[in-house]
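K.L.:
Structure incoming, see below.
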Amino acid sequence: MREKKTPAEDNSPERREFLSSVAMVGGLAAGYGTLAVMAGRYLYLYPAGAQDEAWQFVTELKGVRVGEALDYVAPTGVRIVVARRADDGTAADFVALSGVCPHLGCQVHWQPHKNRFFCPCHNGVFDPQGKAIEGPPAAAGQSLAAYPLKVEAGLLFIEVPVVGLGSPEEV
Amino acid sequence: MMEAIRQWWRARVPLSGEQLRTLTNEPVPYHLKRWWFCLGGTPAYLFVIQVVTGIMLAFYYQPTAASAYESVGYITNEVTFGWYFRSLHKWAATLMIASVVLHQMRVFFTGSYRAPRELNWVVGMGLLLCTLGLGFTGYSLVFEQLSYWGATVGANICRTVPQVGDTMARLMLGGDAYSSRTLPRLYVLHAAVLPASLLGLLALHIMLIRLIGITELRFEDEPEGAPEHFDFFPDHLYTELIIGLTLMVVLSALATILPAGMGPPADPLNTPNVIKPEWFFFATFRWLKLFSITFAVLSTGLVVCVMVLWPWIDAVIRRVTRWKDASVWIGAAVVLTIVALTIWEAVVTH
C-alpha cells in the first residue's frame with residue numbers, strides 16, 4: 001500500500017517556513033526589482049538632452065575673401081573656424097571646422113607660423129583641412145569635425161547643434 | 001546625586017569602563033614605534049582637517065557657473081581668514097594624496113596585503129580612488145581654466161570607456177557637454193557622495209585592521225627583550241598626537257608661505273596654451289599624450305584592476321615562480337615608471 005501523506009504532514013513547520021521564506025524573498029525581489037526598473041526608466045540624474053540641429057546664418061559671401069577665415073560661435077558654445085578656399089560663390093568654397101579637439105574635447109589653437117591646428121591638452125596636431133597628423137588624435141585617426149554649409153542668396157549658412165527645449169544654457 | 005546620574009547614564013548607555021578599555025585598547029605591535037608605520041593614520045587625520053575646512057569653505061562657496069569663481073575669490077580675498085582655510089584645504093589635500101600613496105607603498109613593500117589581509121587591500125584601493133576623485137572634483141570647483149578643461153577632459157575620458165562610458169559622462173556633466181548643470185554635480189560629488197563613501201570605507205578599513213590585527217614585523221636593530229606590543233592608549237595615541245601637531249604646523253606654514261592662488265577664470269571658448277592638471281594626475285596626463293585614447297584608457301583601467309587584485313595575483317606569482325621578492329621588483333618598476341612620467345610632465349611645457 002502506498003504511503004499517503006496526511007494533511008498534518010503537508011503543513012509541517014519546515015514546509016511552512018520554507019514557503020514563507022520563498023514568498024518573502026520573492027516579494028522583496030519583485031518590490032526592489034520594480035524600484036530598479038523604475039529608477040532605470042525615469043533616471044532622475046539623467047537629463048533629457050533634447051538637442052536639435054538648425055541652419056544658422058554665418059556671413060555674407062562677399063564678407064570673406066579667399067584665404068581668410070572667421071570664428072563662428074555656435075549657440076551651444078562650440079567655436080567653429082570658417083575658412084574660404086575658393087571664389088566660385090558656392091558652399092564648396094568654404095570649410096567649417098570645429099575647434100573642439102576630437103581627442104578629449106579641448107579647444108585647438110591655429111598656429112599660423114606652423115600652418116597647423118595644435119591642441120594644448122595632449123599635443124594633438126591637425127593640418128589646415130582638419131586632418132590629424134600627430135599625437136593621440138592621429139594615432140586614433142580622428143579629425144576635426146566639419147560642419148555642413150550652404151549658400152542661399154549670397155549668404156552663408158551653417159548647420160550646427162542648437163540648444164533644444166529643456167536644455168540648460170551652456171556656460 | 002552623582003550616583004543617580006551615573007546610574008541613569010549606565011541604564012541608557014550600558015558600557016562599562018572596562019569594556020571601553022578593551023574596545024579601544026588594541027595591542028599595537030612594537031614596530032609601530034617607527035614613524036613610517038604611522039602613515040596610515042596621517043591621511044585619516046588630514047581627512048578630518050578636510051571635513052572641517054571644507055565645511056568652512058562651503059559657507060561661502062556657490063556651485064554655479066555664474067558665481068563659483070567670484071565666490072572663491074571672495075573667500076580668498078574678503079572673508080576673514082578665508083585665504084587661510086582655503087590654503088589649508090588645498091595643502092591638506094596635497095598631503096593627503098601623498099600620504100595615502102606612501103602608506104600604500106609601505107603596505108605593498110612590506111607585503112602586508114597578503115592573506116588574510118587581501119580584502120583590506122581592496123578597501124584601501126577604494127579609499128585611494130575616493131581620494132583621487134575628491135582631488136579631481138575639488139579643483140573643478142574653483143572654476144578657473146584648469147577646472148573647466150579638467151572636467152571636460154575627465155568627462156571625455158569617461159566617454160571612451162566601452163559600454164557604460166557615455167552614460168557615465170552624461171551623468172557627470174548632466175548632459176552632453178559642460179553646462180549649468182555640471183558644477184552642482186561636481187559639488188555634490190565633492191562635498192557629499194565621495195566624503196560619505198570615503199568615511200564608510202575608512203570605517204571598514206579600520207574595522208578590518210582591528211579584527212585581523214596589524215602585520216607583525218620584526219627588525220634586527222630592535223633592543224633585546226623589547227616587548228612585542230605596547231598599548232594603543234596612551235602610547236600610540238601620543239605618537240598620533242605628535243604627528244597631528246607636526247602636520248598642523250607644516251600645513252599652517254605651507255598655507256602661509258604658499259597660499260592657494262587663483263588662475264584665470266574658466267573660458268569655454270579658449271583652452272589655455274599651456275595646461276596641466278594637478279601633480280597627482282601628471283603621470284596619467286603624460287600617458288594620454290603618449291598613446292591613442294583607447295589604449296591609454298584601457299591600459300590605465302587594466303593597471304587599476306591589477307592593483308585591486310594584486311594580493312591574489314601576487315599569490316599566484318609566488319606559487320608559480322617560487323621567487324619571494326617578485327612583488328618588490330614589480331612594485332619598484334611601477335613606482336619608478338610613475339615617478340618618471342610625473343617628472344617628465346613636470347619639466348616640459350607640452
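All residue names refer to the C-alpha cells as shown: chains lettered A, B, ... in order, residues numbered from 1 in each chain, ligands numbered from 1 in order.
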Any idea what's packed within 10 Å of B:Glu216, counting only C-alpha atoms, ignoring anything in its chain fewer than 6 positions away? Could you give it as a PyMOL selection string?
P.N.:
chain B and resi 28-32+112+228-229
K.L.:
Output C-alpha atoms for every residue in that selection, as a PDB file, in the first residue's frame.
P.N.:
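And here is the file that came out, out_9.pdb:
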ATOM      1  CA  VAL B  28      49.969  47.663  18.973  1.00  0.00           C
ATOM      2  CA  PRO B  29      52.941  45.726  17.553  1.00  0.00           C
ATOM      3  CA  TYR B  30      56.282  47.102  18.645  1.00  0.00           C
ATOM      4  CA  HIS B  31      57.409  48.077  15.132  1.00  0.00           C
ATOM      5  CA  LEU B  32      54.810  50.851  15.115  1.00  0.00           C
ATOM      6  CA  SER B 112      51.196  43.453   4.412  1.00  0.00           C
ATOM      7  CA  GLU B 228      56.121  42.543  21.420  1.00  0.00           C
ATOM      8  CA  HIS B 229      53.320  45.009  21.907  1.00  0.00           C
TER       9      HIS B 229
END
K.L.:
Wanna dump the chain B-chain A contacts at 8 Å for me, each residue with its shortest atom pair and the distance in Å to one decimal, counting only C-alpha atoms, ordered by chain and number, as a Markdown table?
P.N.:
| residue | atom | partner | partner_atom | distance |
| --- | --- | --- | --- | --- |
| B:Ala65 | CA | A:Val171 | CA | 6.6 |
| B:Trp149 | CA | A:Cys106 | CA | 6.6 |
| B:Thr152 | CA | A:Gly105 | CA | 6.5 |
| B:Val153 | CA | A:Leu104 | CA | 5.1 |
| B:Asn156 | CA | A:Leu104 | CA | 5.2 |
| B:Ile157 | CA | A:Leu104 | CA | 6.6 |
| B:Arg170 | CA | A:Tyr46 | CA | 7.0 |
| B:Leu171 | CA | A:Tyr46 | CA | 5.8 |
| B:Gly174 | CA | A:Pro47 | CA | 6.2 |
| B:Gly175 | CA | A:Gly49 | CA | 5.8 |
| B:Asp176 | CA | A:Gly49 | CA | 6.9 |
| B:Tyr178 | CA | A:Val171 | CA | 7.1 |
| B:Ser179 | CA | A:Glu170 | CA | 4.6 |
| B:Ser180 | CA | A:Val171 | CA | 5.9 |
| B:Arg181 | CA | A:Pro168 | CA | 7.0 |
| B:Pro268 | CA | A:Val171 | CA | 7.1 |
| B:Leu269 | CA | A:Arg79 | CA | 6.4 |
| B:Asn270 | CA | A:Gln107 | CA | 5.9 |
| B:Thr271 | CA | A:Gln107 | CA | 5.1 |
| B:Pro272 | CA | A:Pro120 | CA | 7.2 |
| B:Asn273 | CA | A:Pro120 | CA | 5.4 |
| B:Val274 | CA | A:Pro120 | CA | 6.0 |
| B:Ile275 | CA | A:Cys121 | CA | 6.1 |
| B:Lys276 | CA | A:Cys121 | CA | 7.5 |
| B:Phe285 | CA | A:His122 | CA | 7.6 |
| B:Arg286 | CA | A:His122 | CA | 7.9 |
| B:Leu288 | CA | A:His122 | CA | 6.7 |
| B:Lys289 | CA | A:His122 | CA | 4.8 |
| B:Leu290 | CA | A:Pro136 | CA | 6.9 |
| B:Phe291 | CA | A:Pro136 | CA | 5.7 |
| B:Ser292 | CA | A:Pro136 | CA | 4.5 |
| B:Ile293 | CA | A:Pro136 | CA | 6.4 |
| B:Thr294 | CA | A:Ala140 | CA | 7.9 |
| B:His350 | CA | A:Asn123 | CA | 6.6 |
K.L.:
Could you write those residues out with C-alpha atoms, as a tab-separated table (two decimals), in the first residue's frame?
P.N.:
chain	number	residue	atom	x	y	z
B	65	ALA	CA	28.94	78.64	-13.30
B	149	TRP	CA	39.09	71.98	-19.08
B	152	THR	CA	35.78	68.46	-19.85
B	153	VAL	CA	38.75	66.17	-20.43
B	156	ASN	CA	35.54	62.75	-22.32
B	157	ILE	CA	37.88	60.16	-20.81
B	170	ARG	CA	26.30	62.21	-19.22
B	171	LEU	CA	25.67	61.58	-15.53
B	174	GLY	CA	24.31	66.45	-16.59
B	175	GLY	CA	24.05	66.46	-20.37
B	176	ASP	CA	26.14	66.12	-23.49
B	178	TYR	CA	29.66	71.09	-19.75
B	179	SER	CA	26.59	73.15	-18.88
B	180	SER	CA	24.97	74.97	-15.99
B	181	ARG	CA	24.04	71.55	-14.61
B	268	PRO	CA	34.78	77.57	-22.59
B	269	LEU	CA	35.94	79.16	-25.86
B	270	ASN	CA	39.63	79.07	-25.19
B	271	THR	CA	41.86	76.30	-23.88
B	272	PRO	CA	44.99	77.96	-22.44
B	273	ASN	CA	48.13	77.36	-24.43
B	274	VAL	CA	49.80	75.61	-21.51
B	275	ILE	CA	47.52	73.44	-19.40
B	276	LYS	CA	48.35	70.79	-16.83
B	285	PHE	CA	48.27	63.07	-18.36
B	286	ARG	CA	51.62	62.15	-19.89
B	288	LEU	CA	47.38	60.14	-22.52
B	289	LYS	CA	49.80	62.15	-24.66
B	290	LEU	CA	51.88	59.10	-25.50
B	291	PHE	CA	49.20	56.73	-26.72
B	292	SER	CA	45.90	56.69	-28.56
B	293	ILE	CA	42.95	57.34	-26.29
B	294	THR	CA	41.60	53.78	-26.43
B	350	HIS	CA	53.77	70.39	-23.80
K.L.:
Can you measure atom CA of B:Lys90 to atom CA of B:Glu144 for me? One decimal in Å is fine.
P.N.:
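Computing it gives 14.8 Å between the two atoms.
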K.L.:
Write out as a PyMOL selection string which residues come within 9 Å of B:Gly135 when counting only C-alpha atoms, dropping same-chain ones fewer than 2 positions away.
P.N.:
chain B and resi 93-94+97+130-133+137-140+190+278+280
K.L.:
If you count only C-alpha atoms, which residues fall within 12 Å of B:Leu309, apart from same-chain ones fewer than 6 positions away, as a list in words?
P.N.:
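My reading of the contact set: Tyr113, Arg114, Glu118, Leu119, Asn120, Trp121, Val122, Val123, Gly124, Met125, Leu302, Val303, Ala315 and Val316 of chain B.
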K.L.:
Only N, CA and C atoms, please: the residues just picked out, written as a PDB file, in the first residue's frame.
P.N.:
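And here is the file that came out, out-v4.pdb:
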ATOM      1  N   TYR B 113      49.718  43.155   2.508  1.00  0.00           N
ATOM      2  CA  TYR B 113      48.406  42.931   1.873  1.00  0.00           C
ATOM      3  C   TYR B 113      48.103  41.444   1.741  1.00  0.00           C
ATOM      4  N   ARG B 114      49.087  40.592   2.116  1.00  0.00           N
ATOM      5  CA  ARG B 114      48.912  39.160   1.876  1.00  0.00           C
ATOM      6  C   ARG B 114      47.914  38.551   2.849  1.00  0.00           C
ATOM      7  N   GLU B 118      43.858  40.449   2.322  1.00  0.00           N
ATOM      8  CA  GLU B 118      43.597  40.840   0.922  1.00  0.00           C
ATOM      9  C   GLU B 118      42.432  41.816   0.819  1.00  0.00           C
ATOM     10  N   LEU B 119      41.351  41.531   1.562  1.00  0.00           N
ATOM     11  CA  LEU B 119      40.158  42.369   1.411  1.00  0.00           C
ATOM     12  C   LEU B 119      40.422  43.791   1.890  1.00  0.00           C
ATOM     13  N   ASN B 120      41.273  43.921   2.902  1.00  0.00           N
ATOM     14  CA  ASN B 120      41.551  45.267   3.385  1.00  0.00           C
ATOM     15  C   ASN B 120      42.384  46.050   2.371  1.00  0.00           C
ATOM     16  N   TRP B 121      43.198  45.348   1.590  1.00  0.00           N
ATOM     17  CA  TRP B 121      43.914  45.996   0.486  1.00  0.00           C
ATOM     18  C   TRP B 121      42.908  46.536  -0.536  1.00  0.00           C
ATOM     19  N   VAL B 122      41.869  45.723  -0.823  1.00  0.00           N
ATOM     20  CA  VAL B 122      40.847  46.154  -1.781  1.00  0.00           C
ATOM     21  C   VAL B 122      40.120  47.392  -1.242  1.00  0.00           C
ATOM     22  N   VAL B 123      39.780  47.362   0.050  1.00  0.00           N
ATOM     23  CA  VAL B 123      39.145  48.535   0.661  1.00  0.00           C
ATOM     24  C   VAL B 123      40.080  49.738   0.533  1.00  0.00           C
ATOM     25  N   GLY B 124      41.369  49.501   0.753  1.00  0.00           N
ATOM     26  CA  GLY B 124      42.359  50.574   0.624  1.00  0.00           C
ATOM     27  C   GLY B 124      42.389  51.146  -0.784  1.00  0.00           C
ATOM     28  N   MET B 125      42.257  50.281  -1.800  1.00  0.00           N
ATOM     29  CA  MET B 125      42.199  50.774  -3.181  1.00  0.00           C
ATOM     30  C   MET B 125      40.976  51.663  -3.369  1.00  0.00           C
ATOM     31  N   LEU B 302      43.343  48.753 -16.785  1.00  0.00           N
ATOM     32  CA  LEU B 302      43.959  47.462 -16.500  1.00  0.00           C
ATOM     33  C   LEU B 302      44.890  47.571 -15.285  1.00  0.00           C
ATOM     34  N   VAL B 303      45.682  48.655 -15.249  1.00  0.00           N
ATOM     35  CA  VAL B 303      46.600  48.860 -14.116  1.00  0.00           C
ATOM     36  C   VAL B 303      45.809  48.927 -12.807  1.00  0.00           C
ATOM     37  N   ALA B 315      49.979  36.097  -5.042  1.00  0.00           N
ATOM     38  CA  ALA B 315      49.997  34.730  -4.509  1.00  0.00           C
ATOM     39  C   ALA B 315      50.287  33.736  -5.625  1.00  0.00           C
ATOM     40  N   VAL B 316      49.672  33.962  -6.796  1.00  0.00           N
ATOM     41  CA  VAL B 316      49.899  33.063  -7.935  1.00  0.00           C
ATOM     42  C   VAL B 316      51.360  33.153  -8.387  1.00  0.00           C
TER      43      VAL B 316
END
K.L.:
Could you make a table, as a Markdown table, of the residues of stretch 142-252 of chain B that have an atom within 12 Å of an atom of stretch 69-79 of chain B, each with its nearest atom pair and distance in Å to one decimal, counting only C-alpha atoms, in chain and number order?
P.N.:
| residue | atom | partner | partner_atom | distance |
| --- | --- | --- | --- | --- |
| B:Val142 | CA | B:Tyr69 | CA | 5.8 |
| B:Phe143 | CA | B:Tyr69 | CA | 5.4 |
| B:Glu144 | CA | B:Tyr69 | CA | 6.7 |
| B:Gln145 | CA | B:Tyr69 | CA | 10.2 |
| B:Leu146 | CA | B:Tyr69 | CA | 12.0 |
| B:Ser147 | CA | B:Tyr69 | CA | 10.1 |
| B:Tyr148 | CA | B:Tyr69 | CA | 11.0 |
| B:Leu183 | CA | B:Tyr69 | CA | 11.2 |
K.L.:
With a distance cut-off of 12 Å and only C-alpha atoms, select the neighbouring residues of B:Asp221, excluding the residue or stretch itself and same-chain residues fewer than 3 positions from it, and output the selection as a PyMOL selection string.
P.N.:
chain B and resi 31+34+218+224-226
K.L.:
I need the residue nearest B:Leu173 from this list: B:Pro311, B:Gly301, B:Pro234, B:Gly154. Use only C-alpha atoms for the distance.
P.N.:
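Using only C-alpha atoms, B:Leu173 sits closest to B:Gly154.
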K.L.:
Which value, in Å to one decimal, gives the distance between atom CA of A:Phe57 and atom CA of A:Gly154?
P.N.:
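That distance, rounded to one decimal, is 11.1 Å.
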K.L.:
Can you tell me which residues surround A:Leu97 at a distance of at most 7 Å, considering only C-alpha atoms, apart from same-chain residues fewer than 6 positions away, and format the answer as a list of chain:residue names?
P.N.:
A:Ile80, A:Val81, A:Val82, A:Gly130, A:Leu144, A:Ala145, A:Ala146, A:Tyr147
K.L.:
For those residues, write N, CA and C atoms to a file as a PDB file, in the first residue's frame.
P.N.:
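In the end it all went to selection-v1.pdb:
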ATOM      1  N   ILE A  80      33.769  77.481 -34.067  1.00  0.00           N
ATOM      2  CA  ILE A  80      33.983  76.891 -35.388  1.00  0.00           C
ATOM      3  C   ILE A  80      34.787  77.871 -36.242  1.00  0.00           C
ATOM      4  N   VAL A  81      35.804  77.348 -36.922  1.00  0.00           N
ATOM      5  CA  VAL A  81      36.590  78.181 -37.831  1.00  0.00           C
ATOM      6  C   VAL A  81      36.028  78.006 -39.231  1.00  0.00           C
ATOM      7  N   VAL A  82      35.564  79.102 -39.837  1.00  0.00           N
ATOM      8  CA  VAL A  82      35.043  79.043 -41.199  1.00  0.00           C
ATOM      9  C   VAL A  82      36.068  79.715 -42.103  1.00  0.00           C
ATOM     10  N   GLY A 130      42.008  69.987 -41.237  1.00  0.00           N
ATOM     11  CA  GLY A 130      41.442  69.373 -40.041  1.00  0.00           C
ATOM     12  C   GLY A 130      41.841  67.925 -39.843  1.00  0.00           C
ATOM     13  N   LEU A 144      39.321  66.891 -37.058  1.00  0.00           N
ATOM     14  CA  LEU A 144      38.418  67.926 -36.570  1.00  0.00           C
ATOM     15  C   LEU A 144      37.084  67.792 -37.309  1.00  0.00           C
ATOM     16  N   ALA A 145      35.979  67.887 -36.581  1.00  0.00           N
ATOM     17  CA  ALA A 145      34.671  67.719 -37.207  1.00  0.00           C
ATOM     18  C   ALA A 145      34.411  68.866 -38.179  1.00  0.00           C
ATOM     19  N   ALA A 146      33.858  68.543 -39.353  1.00  0.00           N
ATOM     20  CA  ALA A 146      33.488  69.569 -40.328  1.00  0.00           C
ATOM     21  C   ALA A 146      31.971  69.721 -40.296  1.00  0.00           C
ATOM     22  N   TYR A 147      31.490  70.963 -40.425  1.00  0.00           N
ATOM     23  CA  TYR A 147      30.048  71.206 -40.381  1.00  0.00           C
ATOM     24  C   TYR A 147      29.515  71.477 -41.785  1.00  0.00           C
TER      25      TYR A 147
END
K.L.:
As an MDAnalysis selection string, list the residues of stretch 75-295 of chain B assigned to strand (DSSP E or B) by DSSP on the backbone atoms of this structure.
P.N.:
chainID B and resid 144 179 229:231 265
K.L.:
Can you work out which one of A:Pro161, A:Pro75, A:Pro13, A:Gly40 has the shortest atom-to-atom distance to A:Pro148, counting only C-alpha atoms?
P.N.:
A:Pro161
K.L.:
Extract, using only C-alpha atoms, all DNA, RNA and protein residues at most 7 Å from A:Asp127, discarding same-chain residues fewer than 3 positions from it, and format them as a PyMOL selection string.
P.N.:
chain A and resi 116-117+130-133
